[in-house]
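Heads up, the thing below is written out as structure tokens.
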Number of protein chains: 2
Amino acid sequence: MELIKKSGAKIVGIQVPEGLKRMASEVAKEIVEKTGAEVIVSGDPCYGACDVDLDLCRVADLVIHIGHSEMLEGDPLLDKIVYIEARMKADVKETVEKATDILSARRVGVVTTVQHVHKLDDIVEVLEKSGIEAVVRTGGKRTRYLGQVLGCNYEAARDLDVDEYVFVGTGQFHPLGVALASGKKVVAADPVTGNVSVIDTTPMLKRRYGAIARALDAEKVAVLVSKKPGQKRADLARKMAALGEEHGKEMVLVYLDRVEPEVLINLGVNAAVCTACPRIALDDQAKYPVPILTPPEFEILLGVRRGDYPLDEIE
Amino acid sequence: MELIKKSGAKIVGIQVPEGLKRMASEVAKEIVEKTGAEVIVSGDPCYGACDVDLDLCRVADLVIHIGHSEMLEGDPLLDKIVYIEARMKADVKETVEKATDILSARRVGVVTTVQHVHKLDDIVEVLEKSGIEAVVRTGGKRTRYLGQVLGCNYEAARDLDVDEYVFVGTGQFHPLGVALASGKKVVAADPVTGNVSVIDTTPMLKRRYGAIARALDAEKVAVLVSKKPGQKRADLARKMAALGEEHGKEMVLVYLDRVEPEVLINLGVNAAVCTACPRIALDDQAKYPVPILTPPEFEILLGVRRGDYPLDEIE
């Protein structure tokens, strides 16, 4: 509130992810009452700090982005954004203690998401009490905190001199990413449910090689390029289109905000290479009528890449 | 093709409405082959000339917008757009002749959509042969042709000194709009199906007054403002928000590209006033969990407007 008053902003934008949308109007009300500014809420879905609402930045003097940590730079519109990170209060100690029972290595990499980065000390403390050395490192440009990973970036997990990892956080996607990026055992400790589990990458790998196989005969392939500021990989898309053409595919570059089944049906393509968020291919394949591949998966399909399964990451 | 070559465009964008998306890759292929330019297809849905892809304009040197007639001005990005209007070959004479059997007036207003405007002479000829005087006028700034109406604009039908109208075109929405805007008898002549019918506004009016009634007790109301360049009515939205507040409603301004049921559920509002495309409220109400009103309908709800049903139009 102080910040808004000081900035002298007359129009304040608010962007929140879907799970927090309901709080948007409460926050709006408070801002209006305390600062007198006009408030405009971003109504489109928001999937991360990669997905900041630049249109809202164009109409507002200041935009409050709730739930994600700062990621992007470059566009002057981004300077209007103030990030308020969402932090979970959930205690991590008990769950991490459970995880130590499954960990067998003496040196363990520690990774988590922005919701729990403020608990990193607690995590390390519990591990050390069990005689386990905790190894953490910074991530890439897209992350802000020690040990922080994103659905599209696992630099904080990569190249650690450890044999196992512990991931603290919710959901299966991030620890799966750590396992695929590192090729090592990952124990996922969910401080919300209290569940602890060892990640099995086999089902995901089966699904992905299945998708690659189904795309083998595709004649017409869309290369999807995202409009979202932190998901726009136009050069990679051009590379994929050229590579496909070289291998006899008919490629079409498609620029879009949201990847949706109807788009692919209407375009009449047999497969797609998605250069937007990697999770679209890995998480949501089931809802699409045609196989959607990540760029490295498309390279496997064309036979120009071999070796371990290549996780698609955005740097 | 000549135009693209002459313009020297290196990156050409293509935007087509959903029904024509499949032709996008054919057109793309032809452009690549004949001009050597890179082609990028807009993958997001496109609902009219109000819905031009400004993001695509930002990355392309020239954008071909297929299917709609030019509507907007003001933004320099719009200068990059070349409009290729879709015209239907369907012969209109037979259907209009059928329509003359149902028309009882001697002076009849003639309205149609861009797909058939090139057949206006044929329509007038058939009417005159039957001894009916055809009256046509230009529409507003958003239309280009004599007698042309849009889903959001019926100026070409308004204030004609006639007792009846003939609408030539497909679908029920446009002739319904003519009937609501004029308050007069409208005969719809569909040259594609060959069907001719008199428009009944009663079911639509019942539905709309039903929606207004359901919204009466709504405490928290979203005012939806579109990001689409030709649907952005921010001043009207502000007016609605202020009017609602005056009448004790909690109003929240929501800025969005696509109006979707999830948005309204997640925001936790009980009703919405839509300042974007009027068809969202009138055509699609059934898919929303809460009543969505047009701005004049919201004025009825608040008791600040009386009289005939007020069609929402964008000028």
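Lettering and numbering for the structure tokens are positional, with chains as A, B, ... in the shown order, residues counted from 1 in each chain, and ligands counted from 1 in the shown order.
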
Checklist entry - Counting only C-alpha atoms, which residues from chain B have an atom at most 9 Å from any atom of chain A, and could you show them as a PyMOL selection string? => result chain B and resi 18-25+28-29+38-45+55-56+224+227+250-260+262-269

For Ser182 in chain A, work out the shell of residues within 8 Å, counting only C-alpha atoms and skipping chain neighbours fewer than 4 positions away, then give it as a tab-separated table (two decimals) with C-alpha atoms, in the first residue's frame.
```tsv
chain	number	residue	atom	x	y	z
A	157	ALA	CA	19.38	-29.42	-9.49
A	158	ARG	CA	21.86	-29.94	-12.29
A	159	ASP	CA	25.52	-30.89	-11.93
A	178	VAL	CA	14.46	-33.06	-11.18
```

Item to check | Pick from B:Val192, B:Leu160, B:Met240, B:Ala105 nearest to Thr138 in chain B, counting only C-alpha atoms | outcome: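 Ranked by minimum distance to Thr138 in chain B, first place goes to B:Leu160.
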
Checklist entry - Looking only at the backbone, which of the residues in range 223-256 of chain B does DSSP tag as helix (DSSP H, G or I), as number ranges by chain? => result B: 234-246

Mind dumping the selected residues with C-alpha atoms as a PDB file, in the first residue's frame?
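Listed below is the output, selection16.pdb:
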```pdb
ATOM      1  CA  ALA B 234     -12.858   1.143 -20.931  1.00  0.00           C
ATOM      2  CA  ASP B 235     -14.790   4.376 -20.400  1.00  0.00           C
ATOM      3  CA  LEU B 236     -18.106   2.581 -20.595  1.00  0.00           C
ATOM      4  CA  ALA B 237     -16.754  -0.002 -18.128  1.00  0.00           C
ATOM      5  CA  ARG B 238     -15.756   2.730 -15.685  1.00  0.00           C
ATOM      6  CA  LYS B 239     -19.189   4.275 -16.028  1.00  0.00           C
ATOM      7  CA  MET B 240     -20.826   0.921 -15.263  1.00  0.00           C
ATOM      8  CA  ALA B 241     -18.558   0.330 -12.262  1.00  0.00           C
ATOM      9  CA  ALA B 242     -19.376   3.752 -10.841  1.00  0.00           C
ATOM     10  CA  LEU B 243     -23.093   3.279 -11.475  1.00  0.00           C
ATOM     11  CA  GLY B 244     -23.035  -0.099  -9.729  1.00  0.00           C
ATOM     12  CA  GLU B 245     -21.148   1.285  -6.724  1.00  0.00           C
ATOM     13  CA  GLU B 246     -23.684   4.115  -6.430  1.00  0.00           C
TER      14      GLU B 246
END
```

Checklist entry - Which neighbours of Thr201 in chain B fall inside 9 Å, counting only C-alpha atoms, when residues of the same chain fewer than 4 positions from it are skipped, and could you give them as an NGL selection string? => result :B and (176-177 or 179-180 or 205-206)
